[in-house]
Amino acid sequence: MKKSDSSHALQTRIVHPEEDVTPGFESFAAPVTRASTVVFPDLKSVRALDWRNDAQWRYGLHATPTSSMLTQRLAVIEGGEYALLQPSGLSAISNVYFGLLKAGDDVLIPDNVYSPNRDHGDWLARDFGLTARYYDPMIGAGIAELIRPETKLIWLEAPGSVTMEVPDVRAITAAARARNVVTAIDNTWSAGLAFKPFEHDIDISVQALTKYQSGGSDVLMGATITRDRELHLKLKAARMRLGIGVSPDDCSFVLRGLPSMKARFETHDRTALALATWLKSRGEIAAMLHPAFADCPGHEFYKRDFTGAGGLFSVVFDGRYSPAQIDTFCESLELFSLGWSWGGAHSLAMPYDIASMRTEASWPHRGTLVRFYIGLEDEADLRADLERALATLEGGASVRGPQD
């Protein structure tokens, strides 16, 4: 950048400083490079710009050194070649839709998909001329019968982020590849650590970096990752035209969380498995929906394809308890907060009415489902909190009071 000299006025010298305080400085933290304007050395450089070239700096909306550092690391974790950042996980999902589909195209979506993804499909079908159809997540190779000539995208979620069915990813991607249909998976549950999508012929992996990658429950960000350059460019073009960008400061927060992500994920996994094992033995629980358990739908695919489970699982309470009683149970928890998302240090709980969320796959359970996210609290403390709250189902304890 051109610099002023001592003959310039004070205001000019403030805008064009002379000092350079960085030579020789090094630290472990990722440097934060903020920019809207990117300064070019000459007009030849400007005229040589090509939006397809990821190595060129064009405008702060598209990339900065900080965001590029993050995309490179995410691609390595996921086993991909190219990554793009979006301001939320849902924004990453939206980028896939708008990057790949047009009016008249057909998309297949699993019946247990993340609810905002379902709403997005319905919206595009209603207002943009697409067809969005929902399929049983356990359909496996049978999905071949649903593929039409106009089918351009098949979504997967492994496992379903509320009901936890694990699909046969290999069978679905084999059917899709045989018919030249792109597959995209919401891989947020595994954080790219416990499931490697590109080893199973997935085309695009979507991550909500809001979760384990951040680890602080304080950042919203998403990513699309692929090995295919043409797909990457389609997604990049859509993101550019939609004007989607991310904050370099938020990128630095996610970069800060990545080195500890694997250790945190494994801790969440151990504690969650211990608590799930205990809950499964309780009479109040009718079904344990955790892929590591043999009676969870798709357990055999979990054993084949996954190396861990993290901190998220669900339970179905016995049908003798009313939804109001389950609400009381959730509200009486002290260490589990009521909230969505996961990946942070704090444990969470949330009840769901699953029957109202599905259209294709039957739901076999009568009781209310509660999804738990197990944070980084002590296992014994979380168990005691759950046990005390379970007592409210039989009228043996009161909900949390002002003294708590």
# chains A, B, ... in the order shown; residues from 1 in each chain; ligands from 1
>>> select_by_dssp(residues="segment 229-296 of chain A", states="strand (DSSP E)", output="MDAnalysis selection string")
chainID A and resid 285:289
>>> write_last_selection(atoms="N, CA and C atoms", output="short mmCIF file (atom, residue, chain, number, x, y, z; two decimals), in the first residue's frame")
data_model
loop_
_atom_site.label_atom_id
_atom_site.label_comp_id
_atom_site.auth_asym_id
_atom_site.auth_seq_id
_atom_site.Cartn_x
_atom_site.Cartn_y
_atom_site.Cartn_z
N ILE A 285 -38.04 -44.62 30.05
CA ILE A 285 -37.60 -44.50 28.66
C ILE A 285 -38.08 -45.70 27.85
N ALA A 286 -38.82 -45.44 26.78
CA ALA A 286 -39.33 -46.51 25.93
C ALA A 286 -38.35 -46.88 24.83
N ALA A 287 -37.56 -45.92 24.35
CA ALA A 287 -36.62 -46.20 23.26
C ALA A 287 -35.43 -45.26 23.35
N MET A 288 -34.24 -45.82 23.13
CA MET A 288 -33.02 -45.04 23.07
C MET A 288 -32.63 -44.87 21.61
N LEU A 289 -32.53 -43.63 21.16
CA LEU A 289 -32.17 -43.34 19.77
C LEU A 289 -30.75 -42.79 19.75
#
>>> select_by_dssp(residues="segment 108-222 of chain A", states="helix (DSSP H, G or I)", output="PyMOL selection string")
chain A and resi 115-127+140-146+169-178+188-190+197-200
>>> residues_around(residues="Leu156 of chain A", least_positions_apart="4", cutoff="9 Å", atoms="only C-alpha atoms", output="list in words")
Leu108, Ile109, Pro110, Val113, Pro137, Gly160, Pro167, Val169, Ile172, Thr183, Ala184, Ile185, Asp186 and Asn187 of chain A
>>> write_last_selection(atoms="C-alpha atoms", output="PDB file, in the first residue's frame")
ATOM      1  CA  LEU A 108     -35.155 -35.813  -3.037  1.00  0.00           C
ATOM      2  CA  ILE A 109     -35.010 -35.039   0.691  1.00  0.00           C
ATOM      3  CA  PRO A 110     -34.991 -37.524   3.609  1.00  0.00           C
ATOM      4  CA  VAL A 113     -34.106 -33.958   7.549  1.00  0.00           C
ATOM      5  CA  PRO A 137     -34.320 -42.264   5.283  1.00  0.00           C
ATOM      6  CA  GLY A 160     -31.065 -37.642  11.285  1.00  0.00           C
ATOM      7  CA  PRO A 167     -29.038 -44.310   6.328  1.00  0.00           C
ATOM      8  CA  VAL A 169     -25.127 -43.880   2.486  1.00  0.00           C
ATOM      9  CA  ILE A 172     -27.943 -44.209  -1.909  1.00  0.00           C
ATOM     10  CA  THR A 183     -25.635 -36.011  -3.619  1.00  0.00           C
ATOM     11  CA  ALA A 184     -25.262 -33.596  -0.716  1.00  0.00           C
ATOM     12  CA  ILE A 185     -25.051 -34.612   2.932  1.00  0.00           C
ATOM     13  CA  ASP A 186     -25.580 -32.634   6.104  1.00  0.00           C
ATOM     14  CA  ASN A 187     -22.533 -33.979   7.942  1.00  0.00           C
TER      15      ASN A 187
END
>>> closest_residue(among="A:Leu90, A:Ala292, A:Gly298, A:Thr173", to="Met221 of chain A", atoms="only C-alpha atoms")
A:Leu90
>>> atom_distance(atom1="atom CA of Tyr114 of chain A", atom2="atom CA of Phe313 of chain A")
14.3 Å
>>> residues_around(residues="Trp189 of chain A", least_positions_apart="4", cutoff="8 Å", atoms="only C-alpha atoms", output="list of chain:residue names")
A:Ala158, A:Pro159, A:Ser161, A:Ala309, A:Gly310, A:Leu312
>>> closest_residue(among="A:His346, A:Thr163, A:Leu393, A:Lys262", to="Ser115 of chain A", atoms="only C-alpha atoms")
A:Thr163
>>> closest_residue(among="A:Val162, A:Ile77, A:Met357, A:Ile154", to="Arg371 of chain A", atoms="only C-alpha atoms")
A:Val162
>>> residues_around(residues="Glu379 of chain A", least_positions_apart="6", cutoff="12 Å", atoms="only C-alpha atoms", output="VMD selection string")
chain A and resid 267 to 276 278 335 347 385 to 386
>>> write_last_selection(atoms="N, CA and C atoms", output="CSV table (one decimal), in the first residue's frame")
chain,number,residue,atom,x,y,z
A,267,THR,N,-14.6,-36.4,24.1
A,267,THR,CA,-15.2,-36.2,25.5
A,267,THR,C,-16.7,-36.2,25.5
A,268,HIS,N,-17.3,-35.5,24.6
A,268,HIS,CA,-18.7,-35.5,24.4
A,268,HIS,C,-19.2,-36.9,24.2
A,269,ASP,N,-18.5,-37.6,23.3
A,269,ASP,CA,-18.9,-39.0,22.9
A,269,ASP,C,-18.9,-39.9,24.1
A,270,ARG,N,-17.8,-39.9,24.9
A,270,ARG,CA,-17.7,-40.8,26.1
A,270,ARG,C,-18.8,-40.5,27.1
A,271,THR,N,-19.0,-39.2,27.4
A,271,THR,CA,-20.0,-38.9,28.4
A,271,THR,C,-21.4,-39.2,27.9
A,272,ALA,N,-21.7,-38.9,26.7
A,272,ALA,CA,-23.0,-39.2,26.1
A,272,ALA,C,-23.3,-40.7,26.1
A,273,LEU,N,-22.3,-41.5,25.7
A,273,LEU,CA,-22.6,-42.9,25.7
A,273,LEU,C,-22.9,-43.5,27.1
A,274,ALA,N,-22.1,-43.0,28.1
A,274,ALA,CA,-22.4,-43.4,29.5
A,274,ALA,C,-23.8,-43.0,29.9
A,275,LEU,N,-24.2,-41.8,29.6
A,275,LEU,CA,-25.5,-41.4,30.1
A,275,LEU,C,-26.6,-42.0,29.3
A,276,ALA,N,-26.4,-42.3,28.0
A,276,ALA,CA,-27.4,-43.0,27.2
A,276,ALA,C,-27.6,-44.4,27.7
A,278,TRP,N,-27.1,-45.5,30.7
A,278,TRP,CA,-27.9,-45.4,32.0
A,278,TRP,C,-29.4,-45.1,31.7
A,335,LEU,N,-28.9,-28.4,34.8
A,335,LEU,CA,-27.7,-28.3,34.1
A,335,LEU,C,-27.9,-28.4,32.6
A,347,SER,N,-24.8,-28.5,28.2
A,347,SER,CA,-25.7,-29.5,27.8
A,347,SER,C,-27.1,-28.9,27.5
A,385,ASP,N,-28.7,-34.7,37.8
A,385,ASP,CA,-29.7,-33.7,37.3
A,385,ASP,C,-30.8,-34.5,36.5
A,386,LEU,N,-30.5,-35.4,35.7
A,386,LEU,CA,-31.5,-36.2,34.9
A,386,LEU,C,-32.3,-37.0,35.9
>>> residues_around(residues="Thr307 of chain A", least_positions_apart="6", cutoff="12 Å", atoms="only C-alpha atoms", output="PyMOL selection string")
chain A and resi 190-196+262+265-266+269+291-292+301
>>> write_last_selection(atoms="N, CA and C atoms", output="short mmCIF file (atom, residue, chain, number, x, y, z; two decimals), in the first residue's frame")
data_model
loop_
_atom_site.label_atom_id
_atom_site.label_comp_id
_atom_site.auth_asym_id
_atom_site.auth_seq_id
_atom_site.Cartn_x
_atom_site.Cartn_y
_atom_site.Cartn_z
N SER A 190 -21.35 -35.41 12.67
CA SER A 190 -20.03 -36.02 12.86
C SER A 190 -18.90 -35.02 12.84
N ALA A 191 -19.20 -33.75 12.50
CA ALA A 191 -18.20 -32.69 12.42
C ALA A 191 -17.09 -32.99 11.42
N GLY A 192 -17.31 -33.95 10.54
CA GLY A 192 -16.25 -34.35 9.61
C GLY A 192 -15.18 -35.20 10.26
N LEU A 193 -15.36 -35.53 11.53
CA LEU A 193 -14.39 -36.34 12.27
C LEU A 193 -14.77 -37.82 12.26
N ALA A 194 -16.04 -38.10 12.52
CA ALA A 194 -16.47 -39.49 12.69
C ALA A 194 -17.03 -40.11 11.42
N PHE A 195 -17.21 -39.31 10.39
CA PHE A 195 -17.71 -39.83 9.11
C PHE A 195 -17.05 -39.05 8.00
N LYS A 196 -16.44 -39.76 7.05
CA LYS A 196 -15.73 -39.13 5.94
C LYS A 196 -16.58 -39.29 4.67
N LYS A 262 -11.25 -32.30 18.09
CA LYS A 262 -11.24 -33.76 18.19
C LYS A 262 -11.28 -34.20 19.66
N PHE A 265 -14.79 -33.50 20.96
CA PHE A 265 -15.75 -34.44 20.37
C PHE A 265 -15.68 -35.79 21.08
N GLU A 266 -14.49 -36.26 21.34
CA GLU A 266 -14.32 -37.55 22.01
C GLU A 266 -14.81 -37.51 23.45
N ASP A 269 -18.52 -37.62 23.31
CA ASP A 269 -18.91 -38.98 22.93
C ASP A 269 -18.91 -39.90 24.15
N PRO A 291 -27.12 -43.99 17.72
CA PRO A 291 -26.66 -44.94 16.71
C PRO A 291 -25.72 -46.02 17.22
N ALA A 292 -25.08 -45.81 18.36
CA ALA A 292 -24.17 -46.83 18.88
C ALA A 292 -24.91 -48.02 19.49
N PHE A 301 -25.14 -49.62 9.80
CA PHE A 301 -24.42 -48.66 8.95
C PHE A 301 -23.53 -47.74 9.77
#
>>> atom_distance(atom1="atom CA of Arg366 of chain A", atom2="atom CA of Asp168 of chain A")
25.7 Å
>>> closest_residue(among="A:Ala349, A:Glu387, A:Leu146, A:Phe253", to="Leu220 of chain A", atoms="only C-alpha atoms")
A:Phe253
>>> decode(residues="segment 50-128 of chain A", atoms="C-alpha atoms", output="PDB file, in the first residue's frame")
ATOM      1  CA  ASP A  50     -10.908 -14.325 -12.678  1.00  0.00           C
ATOM      2  CA  TRP A  51     -13.566 -15.208 -10.097  1.00  0.00           C
ATOM      3  CA  ARG A  52     -12.839 -18.903 -10.678  1.00  0.00           C
ATOM      4  CA  ASN A  53      -9.269 -18.483  -9.368  1.00  0.00           C
ATOM      5  CA  ASP A  54      -9.327 -19.125  -5.620  1.00  0.00           C
ATOM      6  CA  ALA A  55      -5.763 -17.842  -5.315  1.00  0.00           C
ATOM      7  CA  GLN A  56      -6.670 -14.289  -6.340  1.00  0.00           C
ATOM      8  CA  TRP A  57      -7.810 -11.630  -3.882  1.00  0.00           C
ATOM      9  CA  ARG A  58     -10.712  -9.684  -5.354  1.00  0.00           C
ATOM     10  CA  TYR A  59     -12.971  -8.277  -2.658  1.00  0.00           C
ATOM     11  CA  GLY A  60     -13.346  -8.843   1.064  1.00  0.00           C
ATOM     12  CA  LEU A  61     -16.821 -10.326   0.637  1.00  0.00           C
ATOM     13  CA  HIS A  62     -15.409 -13.261  -1.290  1.00  0.00           C
ATOM     14  CA  ALA A  63     -12.259 -14.112   0.674  1.00  0.00           C
ATOM     15  CA  THR A  64      -9.569 -12.789   2.964  1.00  0.00           C
ATOM     16  CA  PRO A  65      -6.418 -14.530   4.190  1.00  0.00           C
ATOM     17  CA  THR A  66      -8.282 -15.385   7.407  1.00  0.00           C
ATOM     18  CA  SER A  67     -11.254 -17.003   5.673  1.00  0.00           C
ATOM     19  CA  SER A  68      -8.990 -18.819   3.221  1.00  0.00           C
ATOM     20  CA  MET A  69      -6.984 -20.260   6.095  1.00  0.00           C
ATOM     21  CA  LEU A  70     -10.237 -21.637   7.530  1.00  0.00           C
ATOM     22  CA  THR A  71     -11.459 -23.132   4.240  1.00  0.00           C
ATOM     23  CA  GLN A  72      -8.146 -24.915   3.728  1.00  0.00           C
ATOM     24  CA  ARG A  73      -8.278 -26.486   7.184  1.00  0.00           C
ATOM     25  CA  LEU A  74     -11.920 -27.529   6.806  1.00  0.00           C
ATOM     26  CA  ALA A  75     -11.169 -29.240   3.511  1.00  0.00           C
ATOM     27  CA  VAL A  76      -8.372 -31.214   5.181  1.00  0.00           C
ATOM     28  CA  ILE A  77     -10.609 -32.311   8.082  1.00  0.00           C
ATOM     29  CA  GLU A  78     -13.413 -33.408   5.776  1.00  0.00           C
ATOM     30  CA  GLY A  79     -11.142 -35.020   3.176  1.00  0.00           C
ATOM     31  CA  GLY A  80     -12.208 -32.586   0.465  1.00  0.00           C
ATOM     32  CA  GLU A  81     -10.396 -30.287  -1.952  1.00  0.00           C
ATOM     33  CA  TYR A  82     -12.513 -27.120  -1.968  1.00  0.00           C
ATOM     34  CA  ALA A  83     -14.501 -25.316   0.729  1.00  0.00           C
ATOM     35  CA  LEU A  84     -16.739 -22.260   0.792  1.00  0.00           C
ATOM     36  CA  LEU A  85     -17.948 -20.384   3.872  1.00  0.00           C
ATOM     37  CA  GLN A  86     -21.469 -19.140   4.504  1.00  0.00           C
ATOM     38  CA  PRO A  87     -22.886 -17.170   7.457  1.00  0.00           C
ATOM     39  CA  SER A  88     -24.816 -20.164   8.875  1.00  0.00           C
ATOM     40  CA  GLY A  89     -25.424 -23.857   8.340  1.00  0.00           C
ATOM     41  CA  LEU A  90     -28.796 -23.073   6.764  1.00  0.00           C
ATOM     42  CA  SER A  91     -27.118 -20.578   4.441  1.00  0.00           C
ATOM     43  CA  ALA A  92     -24.799 -23.384   3.315  1.00  0.00           C
ATOM     44  CA  ILE A  93     -27.840 -25.572   2.598  1.00  0.00           C
ATOM     45  CA  SER A  94     -29.449 -22.704   0.681  1.00  0.00           C
ATOM     46  CA  ASN A  95     -26.244 -22.222  -1.343  1.00  0.00           C
ATOM     47  CA  VAL A  96     -26.482 -25.838  -2.517  1.00  0.00           C
ATOM     48  CA  TYR A  97     -30.073 -25.374  -3.670  1.00  0.00           C
ATOM     49  CA  PHE A  98     -29.458 -22.116  -5.513  1.00  0.00           C
ATOM     50  CA  GLY A  99     -26.121 -23.241  -6.913  1.00  0.00           C
ATOM     51  CA  LEU A 100     -27.366 -26.467  -8.469  1.00  0.00           C
ATOM     52  CA  LEU A 101     -31.095 -26.300  -9.179  1.00  0.00           C
ATOM     53  CA  LYS A 102     -33.421 -24.414 -11.503  1.00  0.00           C
ATOM     54  CA  ALA A 103     -37.141 -24.398 -12.230  1.00  0.00           C
ATOM     55  CA  GLY A 104     -38.323 -27.820 -13.353  1.00  0.00           C
ATOM     56  CA  ASP A 105     -35.665 -29.730 -11.426  1.00  0.00           C
ATOM     57  CA  ASP A 106     -36.491 -32.354  -8.817  1.00  0.00           C
ATOM     58  CA  VAL A 107     -34.839 -32.844  -5.416  1.00  0.00           C
ATOM     59  CA  LEU A 108     -35.155 -35.813  -3.037  1.00  0.00           C
ATOM     60  CA  ILE A 109     -35.010 -35.039   0.691  1.00  0.00           C
ATOM     61  CA  PRO A 110     -34.991 -37.524   3.609  1.00  0.00           C
ATOM     62  CA  ASP A 111     -38.110 -37.445   5.752  1.00  0.00           C
ATOM     63  CA  ASN A 112     -36.039 -36.942   8.926  1.00  0.00           C
ATOM     64  CA  VAL A 113     -34.106 -33.958   7.549  1.00  0.00           C
ATOM     65  CA  TYR A 114     -33.173 -30.868   9.585  1.00  0.00           C
ATOM     66  CA  SER A 115     -36.471 -28.949   9.729  1.00  0.00           C
ATOM     67  CA  PRO A 116     -35.240 -25.690   8.106  1.00  0.00           C
ATOM     68  CA  ASN A 117     -33.951 -27.760   5.171  1.00  0.00           C
ATOM     69  CA  ARG A 118     -37.433 -29.240   4.792  1.00  0.00           C
ATOM     70  CA  ASP A 119     -38.958 -25.787   4.921  1.00  0.00           C
ATOM     71  CA  HIS A 120     -36.453 -24.626   2.303  1.00  0.00           C
ATOM     72  CA  GLY A 121     -37.460 -27.451  -0.037  1.00  0.00           C
ATOM     73  CA  ASP A 122     -41.132 -26.656   0.435  1.00  0.00           C
ATOM     74  CA  TRP A 123     -40.484 -22.956  -0.250  1.00  0.00           C
ATOM     75  CA  LEU A 124     -38.566 -23.642  -3.462  1.00  0.00           C
ATOM     76  CA  ALA A 125     -41.299 -25.994  -4.653  1.00  0.00           C
ATOM     77  CA  ARG A 126     -44.035 -23.499  -3.845  1.00  0.00           C
ATOM     78  CA  ASP A 127     -42.439 -20.311  -5.208  1.00  0.00           C
ATOM     79  CA  PHE A 128     -39.610 -21.283  -7.575  1.00  0.00           C
TER      80      PHE A 128
END
